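Okay, coords_31.txt is below, compact mmCIF, C-alpha atoms:
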```txt
# COMPACT_ATOMS: atom_id res chain seq x y z
CA MET X 56 -37.36 -30.62 -29.70
CA THR X 57 -35.44 -27.69 -28.18
CA ILE X 58 -35.13 -27.75 -24.41
CA ALA X 59 -35.40 -24.29 -22.86
CA THR X 60 -32.62 -23.43 -20.47
CA ARG X 61 -32.87 -20.88 -17.70
CA PRO X 62 -30.56 -17.89 -18.01
CA PRO X 63 -27.69 -17.86 -15.52
CA LEU X 64 -27.88 -15.91 -12.32
CA ARG X 65 -25.90 -12.72 -12.93
CA ILE X 66 -23.28 -11.59 -10.45
CA LEU X 67 -22.78 -7.84 -10.87
CA GLY X 68 -19.18 -7.27 -9.88
CA GLY X 69 -16.16 -9.54 -10.14
CA GLY X 70 -14.40 -8.65 -6.91
CA LEU X 71 -13.97 -10.82 -3.84
CA MET X 72 -17.68 -10.91 -2.92
CA GLY X 73 -18.78 -11.64 -6.47
CA LEU X 74 -16.27 -14.44 -6.92
CA ALA X 75 -16.93 -15.95 -3.49
CA ILE X 76 -20.69 -16.05 -4.08
CA ALA X 77 -20.31 -17.32 -7.65
CA HIS X 78 -18.05 -20.11 -6.41
CA GLN X 79 -20.47 -21.29 -3.72
CA LEU X 80 -23.48 -21.11 -6.04
CA ALA X 81 -21.65 -23.08 -8.73
CA ARG X 82 -20.60 -25.70 -6.16
CA ARG X 83 -24.29 -26.25 -5.47
CA GLY X 84 -25.28 -26.59 -9.10
CA LYS X 85 -26.35 -23.06 -10.02
CA THR X 86 -25.48 -21.64 -13.44
CA VAL X 87 -23.69 -18.35 -12.83
CA GLN X 88 -22.29 -15.48 -14.88
CA VAL X 89 -19.97 -12.84 -13.41
CA ILE X 90 -20.16 -9.40 -15.06
CA SER X 91 -17.26 -7.10 -14.26
CA ARG X 92 -16.01 -3.77 -15.56
CA ARG X 93 -12.45 -4.18 -14.30
CA ARG X 94 -11.74 -6.84 -11.72
CA SER X 95 -8.34 -5.38 -10.88
CA GLU X 96 -10.00 -2.30 -9.30
CA ALA X 97 -11.92 -4.44 -6.80
CA ALA X 98 -11.17 -3.98 -3.10
CA GLY X 99 -10.25 -7.67 -2.90
CA PHE X 100 -7.10 -6.95 -4.91
CA VAL X 101 -6.23 -3.99 -2.71
CA ALA X 102 -6.86 -5.03 0.90
CA ALA X 103 -4.20 -6.37 3.28
CA GLY X 104 -6.10 -9.60 3.89
CA MET X 105 -6.38 -9.51 7.68
CA LEU X 106 -8.79 -11.97 9.33
CA ALA X 107 -9.17 -9.87 12.43
CA PRO X 108 -12.59 -9.55 14.11
CA HIS X 109 -10.87 -9.32 17.51
CA ALA X 110 -7.84 -7.23 16.57
CA GLU X 111 -10.15 -4.76 14.79
CA GLY X 112 -12.11 -4.33 18.04
CA LEU X 113 -15.44 -5.12 16.41
CA THR X 114 -18.55 -5.13 18.60
CA GLY X 115 -22.13 -6.40 18.64
CA ALA X 116 -23.62 -8.09 15.60
CA LEU X 117 -20.62 -7.24 13.42
CA LEU X 118 -18.25 -9.00 15.84
CA GLN X 119 -20.52 -12.06 15.85
CA LEU X 120 -20.62 -12.06 12.04
CA GLY X 121 -16.84 -11.76 11.90
CA GLN X 122 -16.33 -14.59 14.38
CA ALA X 123 -18.71 -16.84 12.43
CA SER X 124 -16.83 -16.07 9.23
CA LEU X 125 -13.44 -16.68 10.86
CA ASP X 126 -14.67 -20.13 11.90
CA LEU X 127 -15.71 -20.85 8.29
CA VAL X 128 -12.46 -19.71 6.67
CA PRO X 129 -10.41 -22.96 6.88
CA ARG X 130 -13.16 -25.05 5.25
CA TRP X 131 -13.92 -22.30 2.71
CA VAL X 132 -10.25 -22.04 1.73
CA ALA X 133 -9.99 -25.83 1.45
CA GLN X 134 -12.93 -25.84 -0.99
CA ILE X 135 -11.35 -23.13 -3.14
CA GLU X 136 -7.99 -24.89 -3.21
CA LEU X 137 -9.62 -28.22 -4.04
CA ASP X 138 -11.70 -26.78 -6.89
CA GLY X 139 -9.04 -24.56 -8.42
CA GLY X 140 -5.78 -26.24 -7.53
CA LEU X 141 -4.13 -23.02 -6.32
CA ALA X 142 -3.13 -22.10 -2.76
CA CYS X 143 -4.96 -19.19 -1.13
CA GLY X 144 -2.15 -18.04 1.19
CA LEU X 145 -3.97 -18.59 4.49
CA ARG X 146 -1.67 -17.97 7.44
CA ALA X 147 -2.58 -18.41 11.12
CA CYS X 148 0.05 -16.00 12.40
CA GLY X 149 -1.85 -14.19 15.15
CA ILE X 150 -2.20 -10.42 15.47
CA VAL X 151 -0.70 -8.06 18.04
CA VAL X 152 -2.46 -4.80 18.91
CA PRO X 153 -0.12 -2.36 20.74
CA PHE X 154 -1.25 0.29 23.25
CA HIS X 155 0.37 3.19 25.04
CA GLY X 156 -0.58 1.78 28.43
CA GLU X 157 -2.33 -1.02 30.26
CA ASP X 158 -5.48 1.01 30.97
CA GLU X 159 -5.91 1.69 27.26
CA ARG X 160 -5.34 -2.00 26.54
CA ASP X 161 -7.87 -3.18 29.12
CA ARG X 162 -10.58 -0.84 27.73
CA TYR X 163 -10.31 -2.28 24.22
CA PRO X 164 -13.70 -3.70 23.15
CA THR X 165 -12.36 -7.20 22.51
CA ALA X 166 -9.74 -7.33 25.30
CA ASP X 167 -11.38 -10.39 26.85
CA PHE X 168 -10.67 -12.39 23.67
CA GLY X 169 -6.93 -11.67 23.70
CA GLU X 170 -3.83 -12.36 25.77
CA ALA X 171 -2.64 -9.31 27.70
CA LEU X 172 0.98 -8.31 27.05
CA ASP X 173 3.21 -6.08 29.15
CA ARG X 174 6.13 -4.23 27.56
CA SER X 175 8.48 -7.18 28.00
CA ARG X 176 6.06 -9.64 26.35
CA LEU X 177 5.25 -7.12 23.63
CA GLU X 178 8.94 -6.87 22.73
CA ARG X 179 9.21 -10.66 22.53
CA GLU X 180 6.23 -10.90 20.19
CA VAL X 181 7.33 -7.93 18.06
CA PRO X 182 11.10 -7.36 18.33
CA GLY X 183 11.98 -3.75 17.65
CA ILE X 184 8.51 -2.31 18.28
CA GLY X 185 8.51 1.45 18.94
CA SER X 186 9.27 2.63 22.49
CA ALA X 187 5.94 4.46 22.85
CA TRP X 188 4.04 1.17 23.03
CA ARG X 189 3.95 -0.09 26.61
CA ALA X 190 1.33 -2.87 26.43
CA GLY X 191 -0.50 -5.03 23.95
CA LEU X 192 -3.03 -7.71 23.17
CA LEU X 193 -2.20 -10.89 21.31
CA PHE X 194 -5.06 -12.44 19.35
CA GLU X 195 -3.75 -15.88 18.42
CA GLN X 196 -7.06 -16.79 16.73
CA ASP X 197 -6.80 -13.98 14.18
CA GLY X 198 -4.67 -14.26 11.06
CA GLN X 199 -4.35 -13.30 7.41
CA ILE X 200 -4.73 -14.46 3.85
CA ASP X 201 -2.73 -13.31 0.83
CA ASN X 202 -5.73 -11.95 -1.06
CA ARG X 203 -3.82 -9.74 -3.48
CA ARG X 204 -1.42 -12.37 -4.87
CA GLN X 205 -3.16 -15.68 -4.11
CA LEU X 206 -6.78 -15.73 -2.92
CA MET X 207 -8.27 -13.75 -5.80
CA ARG X 208 -6.45 -15.86 -8.42
CA ALA X 209 -7.39 -19.07 -6.64
CA LEU X 210 -11.04 -18.03 -6.57
CA GLU X 211 -11.01 -17.16 -10.27
CA ARG X 212 -9.53 -20.57 -11.08
CA ALA X 213 -12.03 -22.37 -8.82
CA CYS X 214 -14.96 -20.55 -10.45
CA THR X 215 -13.70 -21.36 -13.94
CA SER X 216 -13.27 -25.04 -13.07
CA LEU X 217 -16.92 -25.16 -11.98
CA GLY X 218 -18.19 -23.60 -15.19
CA VAL X 219 -18.80 -20.04 -14.03
CA GLN X 220 -19.06 -17.73 -17.04
CA PHE X 221 -17.21 -14.40 -17.10
CA MET X 222 -18.06 -11.20 -18.93
CA GLU X 223 -15.06 -8.94 -18.30
CA GLY X 224 -14.71 -5.34 -19.44
CA THR X 225 -18.45 -4.78 -19.22
CA GLU X 226 -20.04 -2.03 -17.13
CA VAL X 227 -23.54 -2.40 -15.68
CA LEU X 228 -25.33 0.87 -16.38
CA LYS X 229 -28.84 0.25 -15.12
CA LEU X 230 -31.18 -2.29 -13.57
CA GLU X 231 -34.26 -2.73 -15.75
CA GLN X 232 -37.59 -3.18 -13.92
CA ASP X 233 -41.18 -3.98 -14.81
CA ARG X 234 -44.23 -2.03 -13.61
CA SER X 235 -44.22 -3.84 -10.28
CA GLY X 236 -40.58 -2.91 -9.73
CA ALA X 237 -39.18 -6.40 -10.22
CA LEU X 238 -35.92 -6.99 -12.08
CA THR X 239 -36.34 -7.84 -15.77
CA GLY X 240 -32.84 -7.20 -17.10
CA ILE X 241 -29.70 -5.11 -17.01
CA LEU X 242 -28.34 -2.48 -19.36
CA LEU X 243 -24.65 -3.01 -20.16
CA ARG X 244 -21.84 -1.21 -21.94
CA ASN X 245 -18.99 -3.32 -23.27
CA ALA X 246 -15.31 -2.48 -23.69
CA ILE X 247 -15.82 -0.88 -27.13
CA GLY X 248 -18.66 1.33 -25.93
CA GLU X 249 -21.61 -0.64 -27.29
CA GLU X 250 -24.73 -0.85 -25.14
CA GLN X 251 -26.90 -3.92 -24.85
CA GLN X 252 -29.80 -5.17 -22.76
CA LEU X 253 -29.49 -8.51 -21.06
CA ALA X 254 -32.68 -10.18 -19.84
CA THR X 255 -32.48 -11.55 -16.32
CA LYS X 256 -34.81 -11.94 -13.37
CA GLU X 257 -32.20 -12.62 -10.70
CA ALA X 258 -28.91 -10.92 -9.92
CA VAL X 259 -26.53 -10.29 -7.02
CA LEU X 260 -25.25 -6.73 -6.67
CA CYS X 261 -21.59 -6.93 -5.57
CA CYS X 262 -20.33 -3.63 -6.97
CA GLY X 263 -18.54 -2.52 -3.82
CA ALA X 264 -17.95 1.20 -3.53
CA TRP X 265 -19.90 1.76 -6.78
CA SER X 266 -23.11 0.05 -5.56
CA GLN X 267 -25.14 3.21 -5.06
CA GLN X 268 -24.75 4.05 -8.74
CA LEU X 269 -27.15 1.17 -9.46
CA LEU X 270 -29.40 1.45 -6.41
CA ASP X 271 -29.94 4.91 -4.93
CA ALA X 272 -31.43 3.43 -1.76
CA LEU X 273 -28.07 1.99 -0.74
CA PRO X 274 -26.04 4.39 1.43
CA VAL X 275 -22.72 2.93 0.23
CA PHE X 276 -19.88 5.37 -0.35
CA PRO X 277 -16.15 5.06 -1.14
CA VAL X 278 -13.39 5.45 1.42
CA LYS X 279 -10.05 5.63 -0.33
CA GLY X 280 -7.09 3.75 1.07
CA GLN X 281 -3.43 3.99 0.04
CA MET X 282 -0.99 1.16 0.79
CA LEU X 283 2.53 -0.02 0.15
CA SER X 284 4.64 -3.14 0.53
CA LEU X 285 8.19 -3.65 1.77
CA GLN X 286 10.65 -6.48 1.37
CA ALA X 287 11.77 -7.50 4.85
CA PRO X 288 14.17 -10.22 5.98
CA ARG X 289 12.07 -13.37 5.94
CA THR X 290 12.01 -13.90 9.71
CA ALA X 291 11.94 -10.23 10.75
CA LEU X 292 8.25 -10.15 11.62
CA LYS X 293 6.15 -13.17 12.58
CA ARG X 294 2.98 -11.45 13.79
CA VAL X 295 0.67 -8.95 12.14
CA ILE X 296 0.93 -5.60 13.98
CA PHE X 297 -2.37 -3.74 14.09
CA GLY X 298 -1.65 -0.20 15.26
CA PRO X 299 -3.96 2.81 15.33
CA GLY X 300 -4.20 3.94 11.71
CA THR X 301 -1.35 1.74 10.48
CA TYR X 302 -0.82 -2.00 10.25
CA LEU X 303 1.97 -4.30 9.08
CA VAL X 304 1.05 -7.67 7.59
CA PRO X 305 4.01 -10.04 6.98
CA ARG X 306 3.62 -12.63 4.23
CA GLU X 307 5.32 -16.02 4.25
CA ASP X 308 8.05 -14.88 1.83
CA GLY X 309 9.05 -11.76 3.78
CA LEU X 310 6.89 -9.25 1.91
CA VAL X 311 5.24 -6.86 4.39
CA VAL X 312 2.03 -5.05 3.47
CA VAL X 313 1.63 -1.63 5.10
CA GLY X 314 -1.69 0.13 5.26
CA ALA X 315 -3.78 2.06 5.11
CA THR X 316 -5.00 5.59 4.84
CA SER X 317 -8.72 6.25 5.33
CA GLU X 318 -9.74 9.12 3.05
CA ARG X 319 -13.48 9.78 3.21
CA ASP X 320 -13.29 13.03 1.25
CA ALA X 321 -11.39 11.58 -1.71
CA VAL X 322 -14.57 10.10 -3.28
CA PHE X 323 -13.31 8.26 -6.42
CA GLU X 324 -10.12 10.30 -6.90
CA GLU X 325 -7.58 7.79 -8.17
CA GLY X 326 -3.84 7.80 -7.57
CA LEU X 327 -1.27 8.08 -4.83
CA THR X 328 -0.78 11.34 -2.95
CA PRO X 329 2.28 12.71 -1.10
CA ASP X 330 0.18 13.27 2.05
CA GLY X 331 -1.08 9.70 1.99
CA GLN X 332 2.37 8.24 1.54
CA LYS X 333 3.79 10.46 4.31
CA GLU X 334 1.03 9.23 6.63
CA LEU X 335 1.96 5.62 5.95
CA GLN X 336 5.66 6.35 6.47
CA ALA X 337 5.01 8.11 9.78
CA GLY X 338 2.82 5.28 11.04
CA LEU X 339 5.40 2.72 9.98
CA GLN X 340 8.18 4.61 11.77
CA ALA X 341 6.14 4.83 14.97
CA LEU X 342 5.20 1.15 15.01
CA LEU X 343 8.41 -0.54 13.93
CA PRO X 344 11.31 1.89 13.34
CA GLN X 345 13.56 -0.73 11.69
CA ALA X 346 10.91 -1.30 8.99
CA ALA X 347 11.54 2.21 7.68
CA THR X 348 14.85 0.89 6.29
CA TRP X 349 13.30 -2.01 4.37
CA PRO X 350 13.14 -1.40 0.62
CA PRO X 351 9.71 -0.53 -0.81
CA MET X 352 8.31 -2.92 -3.41
CA GLU X 353 4.96 -1.54 -4.53
CA ARG X 354 2.48 1.26 -3.81
CA TRP X 355 -1.23 1.19 -4.62
CA TRP X 356 -4.67 2.50 -3.70
CA GLY X 357 -8.29 1.38 -3.71
CA PHE X 358 -11.79 2.22 -2.54
CA ARG X 359 -13.51 0.54 0.40
CA PRO X 360 -17.30 0.28 0.20
CA CYS X 361 -18.51 1.91 3.42
CA THR X 362 -21.94 2.40 5.00
CA PRO X 363 -22.97 4.84 7.77
CA ASP X 364 -22.55 2.13 10.44
CA GLU X 365 -19.52 0.53 8.72
CA ALA X 366 -21.32 -2.81 8.46
CA PRO X 367 -22.24 -4.71 5.27
CA VAL X 368 -25.56 -4.78 3.44
CA LEU X 369 -26.71 -8.34 2.83
CA GLY X 370 -29.80 -10.06 1.50
CA SER X 371 -32.80 -8.83 -0.45
CA SER X 372 -33.03 -5.35 -1.94
CA PRO X 373 -35.69 -2.74 -2.84
CA VAL X 374 -35.81 -4.40 -6.28
CA PRO X 375 -37.36 -7.90 -6.24
CA GLY X 376 -34.91 -10.29 -7.87
CA VAL X 377 -31.82 -8.32 -6.83
CA TRP X 378 -29.72 -9.61 -3.92
CA LEU X 379 -27.18 -7.48 -2.06
CA ALA X 380 -23.63 -8.22 -0.90
CA THR X 381 -21.85 -4.92 -0.46
CA GLY X 382 -20.71 -2.30 2.06
CA HIS X 383 -18.12 -4.47 3.84
CA HIS X 384 -15.79 -1.49 4.47
CA ARG X 385 -12.49 -2.72 5.95
CA ASN X 386 -13.69 -6.25 6.73
CA GLY X 387 -14.35 -7.63 3.27
CA VAL X 388 -11.71 -10.35 3.31
CA LEU X 389 -12.77 -11.46 6.78
CA LEU X 390 -16.47 -11.54 5.87
CA ALA X 391 -16.21 -13.13 2.42
CA ALA X 392 -16.78 -16.69 3.68
CA ILE X 393 -19.92 -15.91 5.70
CA THR X 394 -21.25 -13.58 3.01
CA ALA X 395 -20.95 -16.29 0.38
CA GLN X 396 -22.69 -18.80 2.64
CA LEU X 397 -25.55 -16.48 3.65
CA LEU X 398 -26.25 -15.28 0.11
CA THR X 399 -26.03 -18.75 -1.39
CA ASP X 400 -28.44 -20.15 1.21
CA SER X 401 -30.85 -17.26 0.62
CA ILE X 402 -30.79 -17.54 -3.17
CA LEU X 403 -31.29 -21.31 -3.10
CA GLY X 404 -33.97 -21.11 -0.42
CA ASP X 405 -32.00 -23.02 2.20
CA THR X 406 -32.90 -20.68 5.05
CA ASP X 407 -34.54 -22.78 7.74
CA GLN X 408 -32.12 -21.85 10.51
CA ALA X 409 -33.25 -19.03 12.79
CA SER X 410 -29.67 -17.73 13.01
CA HIS X 411 -29.65 -17.17 9.24
CA SER X 412 -32.82 -15.08 9.32
CA ALA X 413 -31.58 -13.07 12.28
CA ARG X 414 -28.30 -12.23 10.59
CA MET X 415 -30.01 -11.21 7.37
CA ARG X 416 -32.30 -8.87 9.30
CA GLN X 417 -29.40 -7.32 11.18
CA PHE X 418 -27.61 -6.45 7.93
CA SER X 419 -30.61 -5.61 5.76
CA TRP X 420 -30.61 -2.43 3.67
CA GLN X 421 -33.83 -1.51 5.49
CA ARG X 422 -31.94 -0.63 8.66
CA PHE X 423 -31.13 2.70 7.02
CA THR X 424 -34.79 3.55 6.27
CA THR X 425 -36.90 5.85 8.40
CA GLY X 426 -38.83 4.04 11.10
CA HIS X 427 -36.90 0.77 10.83
CA PRO X 428 -36.53 -0.77 14.30
```
Mind converting the file's structure to structure tokens?
Amino acid sequence: MTIATRPPLRILGGGLMGLAIAHQLARRGKTVQVISRRRSEAAGFVAAGMLAPHAEGLTGALLQLGQASLDLVPRWVAQIELDGGLACGLRACGIVVPFHGEDERDRYPTADFGEALDRSRLEREVPGIGSAWRAGLLFEQDGQIDNRRQLMRALERACTSLGVQFMEGTEVLKLEQDRSGALTGILLRNAIGEEQQLATKEAVLCCGAWSQQLLDALPVFPVKGQMLSLQAPRTALKRVIFGPGTYLVPREDGLVVVGATSERDAVFEEGLTPDGQKELQAGLQALLPQAATWPPMERWWGFRPCTPDEAPVLGSSPVPGVWLATGHHRNGVLLAAITAQLLTDSILGDTDQASHSARMRQFSWQRFTTGHP
């Protein structure tokens, strides 16, 4: 007798959100398949990896979501490292936000969560910081993770160890629906251009900046960011510096990630531009003049998935059977842990807590519809 097996839940997109959700689902016994066109283009491979709800100056529900995720990160990372055997590069280094004066510092939305710095203290925390910066905030609770070189690889290994299936080099062209609008399958195109239909009744849309191409109702659009890295003396910078428009993120081995431009008009235009690189260089010079002499190592770009309110879209979708985890803008690395937990709980029906329901409502796609409260 042949025993029928249920098809795996399909994760549409193999970036940070897709891998994080696949990992948590697999940990709890779900059969999962990750479908990805080109994982290397995902924002998770591009971002600087800051864990910075306070340094970013987040407010309201987004700040609360970021704080909840920050609290989850150590346990989440420990699970990934246990399952995959690779380090994720988590570093509790603290983040300094510089200001031109104390009034500007004290008006910062999250000032109450940080330690106020005068110019003398600012210089001690960030030796060599530019002379224009007269005050600062130190957020000891914020930190970073080496997403580009470590976290993404560790997640891939953890997923593989738990039996997650991968279909790489495959583009999702369309969501197939029945007469009631429910998901019945997906139309795919593989690496050699062949199209195929794959039956499925449940999927998670994690396509980042490309999400609206599958669901028109999602107001998710790309914001291009250009970045670079420098090789600094290993002890030259101990804190992340989060300046206006430019940030410096020092890794354990002395590599410093510098970012990032925010190009809303670039759409999906790939490649580095002279203007973008000049912007990074000018911001670097203003923040930490000595860093302008450190040799460059790499330059790259990517596309952040942004929404009109710069907050993610989580939970159910206009298509029954399709879950959403997209639109994280510049906080994807920070929010990966809480996103994976919320989506996994929702998919498996473990949603008894009132806080879960409240969060899912706050970040529902329906907030962008006419008449939504």
| Long-range neighbours of X:Val181 as a PyMOL selection string, 12 Å cut-off, all atoms listed in the file, 2 positions minimum in chain | chain X and resi 149-153+172-179+183-186+188+190-193+290-297+303+305+342-346
Need the axis-aligned box for stretch 134-149 of chain X with 4 Å each side, so what are the centre and edges in Å to one decimal, as lines of an AutoDock Vina configuration file?
```
center_x = -6.4
center_y = -21.2
center_z = 3.4
size_x = 21.0
size_y = 22.0
size_z = 31.6
```
| task | Measuring atom to atom with all atoms listed in the file, identify which of X:Pro63, X:Gly84, X:Gly370, X:Gly280 is nearest to X:Gln332. | result | X:Gly280
| message | When you look at stretch 223-235 of chain X with a cut-off of 12 Å (counting only C-alpha atoms), what residues show up, excluding the ones that are within fewer than 6 positions of it in the same chain? I need them as a PyMOL selection string. | response | chain X and resi 65-70+88-96+241-262+265-271+373-377
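You can rank X:Arg354, X:His411, X:Arg385, X:Arg422 by their closest distance to X:Gly326 using only C-alpha atoms, and at the top of that list sits X:Arg354.
Rounded to one decimal, atom CA of X:Gln408 and atom CA of X:Ala272 lie 28.1 Å from each other.
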| remark: As a check of understanding: the span from atom CA of X:Leu120 to atom CA of X:Gln79 is 18.3 Å
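Of the residues under consideration (X:Gly73, X:Gly300, X:Pro182, X:Pro164), X:Gly73 shows the shortest atom-to-atom contact distance to X:Leu210 when counting only C-alpha atoms.
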Your completed stretch 360-384 of chain X with N, CA and C atoms, as a PDB file, in the coordinates of the input:
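Generated output (result_11.pdb):
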```
ATOM      1  N   PRO X 360     -15.880  -0.046   0.208  1.00  0.00           N
ATOM      2  CA  PRO X 360     -17.300   0.280   0.200  1.00  0.00           C
ATOM      3  C   PRO X 360     -17.811   0.427   1.633  1.00  0.00           C
ATOM      4  N   CYS X 361     -18.144   1.633   2.034  1.00  0.00           N
ATOM      5  CA  CYS X 361     -18.510   1.910   3.420  1.00  0.00           C
ATOM      6  C   CYS X 361     -19.997   2.260   3.527  1.00  0.00           C
ATOM      7  N   THR X 362     -20.571   1.994   4.683  1.00  0.00           N
ATOM      8  CA  THR X 362     -21.940   2.400   5.000  1.00  0.00           C
ATOM      9  C   THR X 362     -21.898   3.279   6.256  1.00  0.00           C
ATOM     10  N   PRO X 363     -22.993   3.955   6.589  1.00  0.00           N
ATOM     11  CA  PRO X 363     -22.970   4.840   7.770  1.00  0.00           C
ATOM     12  C   PRO X 363     -22.588   4.142   9.067  1.00  0.00           C
ATOM     13  N   ASP X 364     -22.931   2.844   9.222  1.00  0.00           N
ATOM     14  CA  ASP X 364     -22.550   2.130  10.440  1.00  0.00           C
ATOM     15  C   ASP X 364     -21.365   1.199  10.225  1.00  0.00           C
ATOM     16  N   GLU X 365     -20.726   1.296   9.066  1.00  0.00           N
ATOM     17  CA  GLU X 365     -19.520   0.530   8.720  1.00  0.00           C
ATOM     18  C   GLU X 365     -19.749  -0.980   8.760  1.00  0.00           C
ATOM     19  N   ALA X 366     -20.972  -1.400   8.521  1.00  0.00           N
ATOM     20  CA  ALA X 366     -21.320  -2.810   8.460  1.00  0.00           C
ATOM     21  C   ALA X 366     -21.886  -3.119   7.071  1.00  0.00           C
ATOM     22  N   PRO X 367     -21.812  -4.378   6.629  1.00  0.00           N
ATOM     23  CA  PRO X 367     -22.240  -4.710   5.270  1.00  0.00           C
ATOM     24  C   PRO X 367     -23.759  -4.668   5.087  1.00  0.00           C
ATOM     25  N   VAL X 368     -24.148  -4.673   3.822  1.00  0.00           N
ATOM     26  CA  VAL X 368     -25.560  -4.780   3.440  1.00  0.00           C
ATOM     27  C   VAL X 368     -25.725  -6.114   2.739  1.00  0.00           C
ATOM     28  N   LEU X 369     -26.562  -6.969   3.315  1.00  0.00           N
ATOM     29  CA  LEU X 369     -26.710  -8.340   2.830  1.00  0.00           C
ATOM     30  C   LEU X 369     -28.181  -8.682   2.644  1.00  0.00           C
ATOM     31  N   GLY X 370     -28.459  -9.524   1.652  1.00  0.00           N
ATOM     32  CA  GLY X 370     -29.800 -10.060   1.500  1.00  0.00           C
ATOM     33  C   GLY X 370     -30.599  -9.415   0.394  1.00  0.00           C
ATOM     34  N   SER X 371     -31.911  -9.372   0.572  1.00  0.00           N
ATOM     35  CA  SER X 371     -32.800  -8.830  -0.450  1.00  0.00           C
ATOM     36  C   SER X 371     -32.628  -7.324  -0.579  1.00  0.00           C
ATOM     37  N   SER X 372     -33.201  -6.769  -1.637  1.00  0.00           N
ATOM     38  CA  SER X 372     -33.030  -5.350  -1.940  1.00  0.00           C
ATOM     39  C   SER X 372     -34.386  -4.710  -2.211  1.00  0.00           C
ATOM     40  N   PRO X 373     -34.428  -3.387  -2.466  1.00  0.00           N
ATOM     41  CA  PRO X 373     -35.690  -2.740  -2.840  1.00  0.00           C
ATOM     42  C   PRO X 373     -36.230  -3.237  -4.170  1.00  0.00           C
ATOM     43  N   VAL X 374     -35.401  -3.895  -4.971  1.00  0.00           N
ATOM     44  CA  VAL X 374     -35.810  -4.400  -6.280  1.00  0.00           C
ATOM     45  C   VAL X 374     -35.953  -5.916  -6.203  1.00  0.00           C
ATOM     46  N   PRO X 375     -37.190  -6.447  -6.259  1.00  0.00           N
ATOM     47  CA  PRO X 375     -37.360  -7.900  -6.240  1.00  0.00           C
ATOM     48  C   PRO X 375     -36.530  -8.571  -7.331  1.00  0.00           C
ATOM     49  N   GLY X 376     -35.795  -9.598  -6.937  1.00  0.00           N
ATOM     50  CA  GLY X 376     -34.910 -10.290  -7.870  1.00  0.00           C
ATOM     51  C   GLY X 376     -33.458  -9.888  -7.736  1.00  0.00           C
ATOM     52  N   VAL X 377     -33.189  -8.787  -7.033  1.00  0.00           N
ATOM     53  CA  VAL X 377     -31.820  -8.320  -6.830  1.00  0.00           C
ATOM     54  C   VAL X 377     -31.410  -8.601  -5.386  1.00  0.00           C
ATOM     55  N   TRP X 378     -30.305  -9.336  -5.235  1.00  0.00           N
ATOM     56  CA  TRP X 378     -29.720  -9.610  -3.920  1.00  0.00           C
ATOM     57  C   TRP X 378     -28.545  -8.670  -3.690  1.00  0.00           C
ATOM     58  N   LEU X 379     -28.221  -8.438  -2.418  1.00  0.00           N
ATOM     59  CA  LEU X 379     -27.180  -7.480  -2.060  1.00  0.00           C
ATOM     60  C   LEU X 379     -26.047  -8.143  -1.284  1.00  0.00           C
ATOM     61  N   ALA X 380     -24.822  -7.808  -1.647  1.00  0.00           N
ATOM     62  CA  ALA X 380     -23.630  -8.220  -0.900  1.00  0.00           C
ATOM     63  C   ALA X 380     -22.598  -7.125  -1.080  1.00  0.00           C
ATOM     64  N   THR X 381     -22.700  -6.094  -0.269  1.00  0.00           N
ATOM     65  CA  THR X 381     -21.850  -4.920  -0.460  1.00  0.00           C
ATOM     66  C   THR X 381     -21.680  -4.199   0.879  1.00  0.00           C
ATOM     67  N   GLY X 382     -20.865  -3.126   0.870  1.00  0.00           N
ATOM     68  CA  GLY X 382     -20.710  -2.300   2.060  1.00  0.00           C
ATOM     69  C   GLY X 382     -19.847  -2.891   3.157  1.00  0.00           C
ATOM     70  N   HIS X 383     -18.902  -3.771   2.817  1.00  0.00           N
ATOM     71  CA  HIS X 383     -18.120  -4.470   3.840  1.00  0.00           C
ATOM     72  C   HIS X 383     -17.011  -3.626   4.456  1.00  0.00           C
ATOM     73  N   HIS X 384     -16.787  -2.434   3.930  1.00  0.00           N
ATOM     74  CA  HIS X 384     -15.790  -1.490   4.470  1.00  0.00           C
ATOM     75  C   HIS X 384     -14.436  -2.169   4.605  1.00  0.00           C
TER      76      HIS X 384
END
```
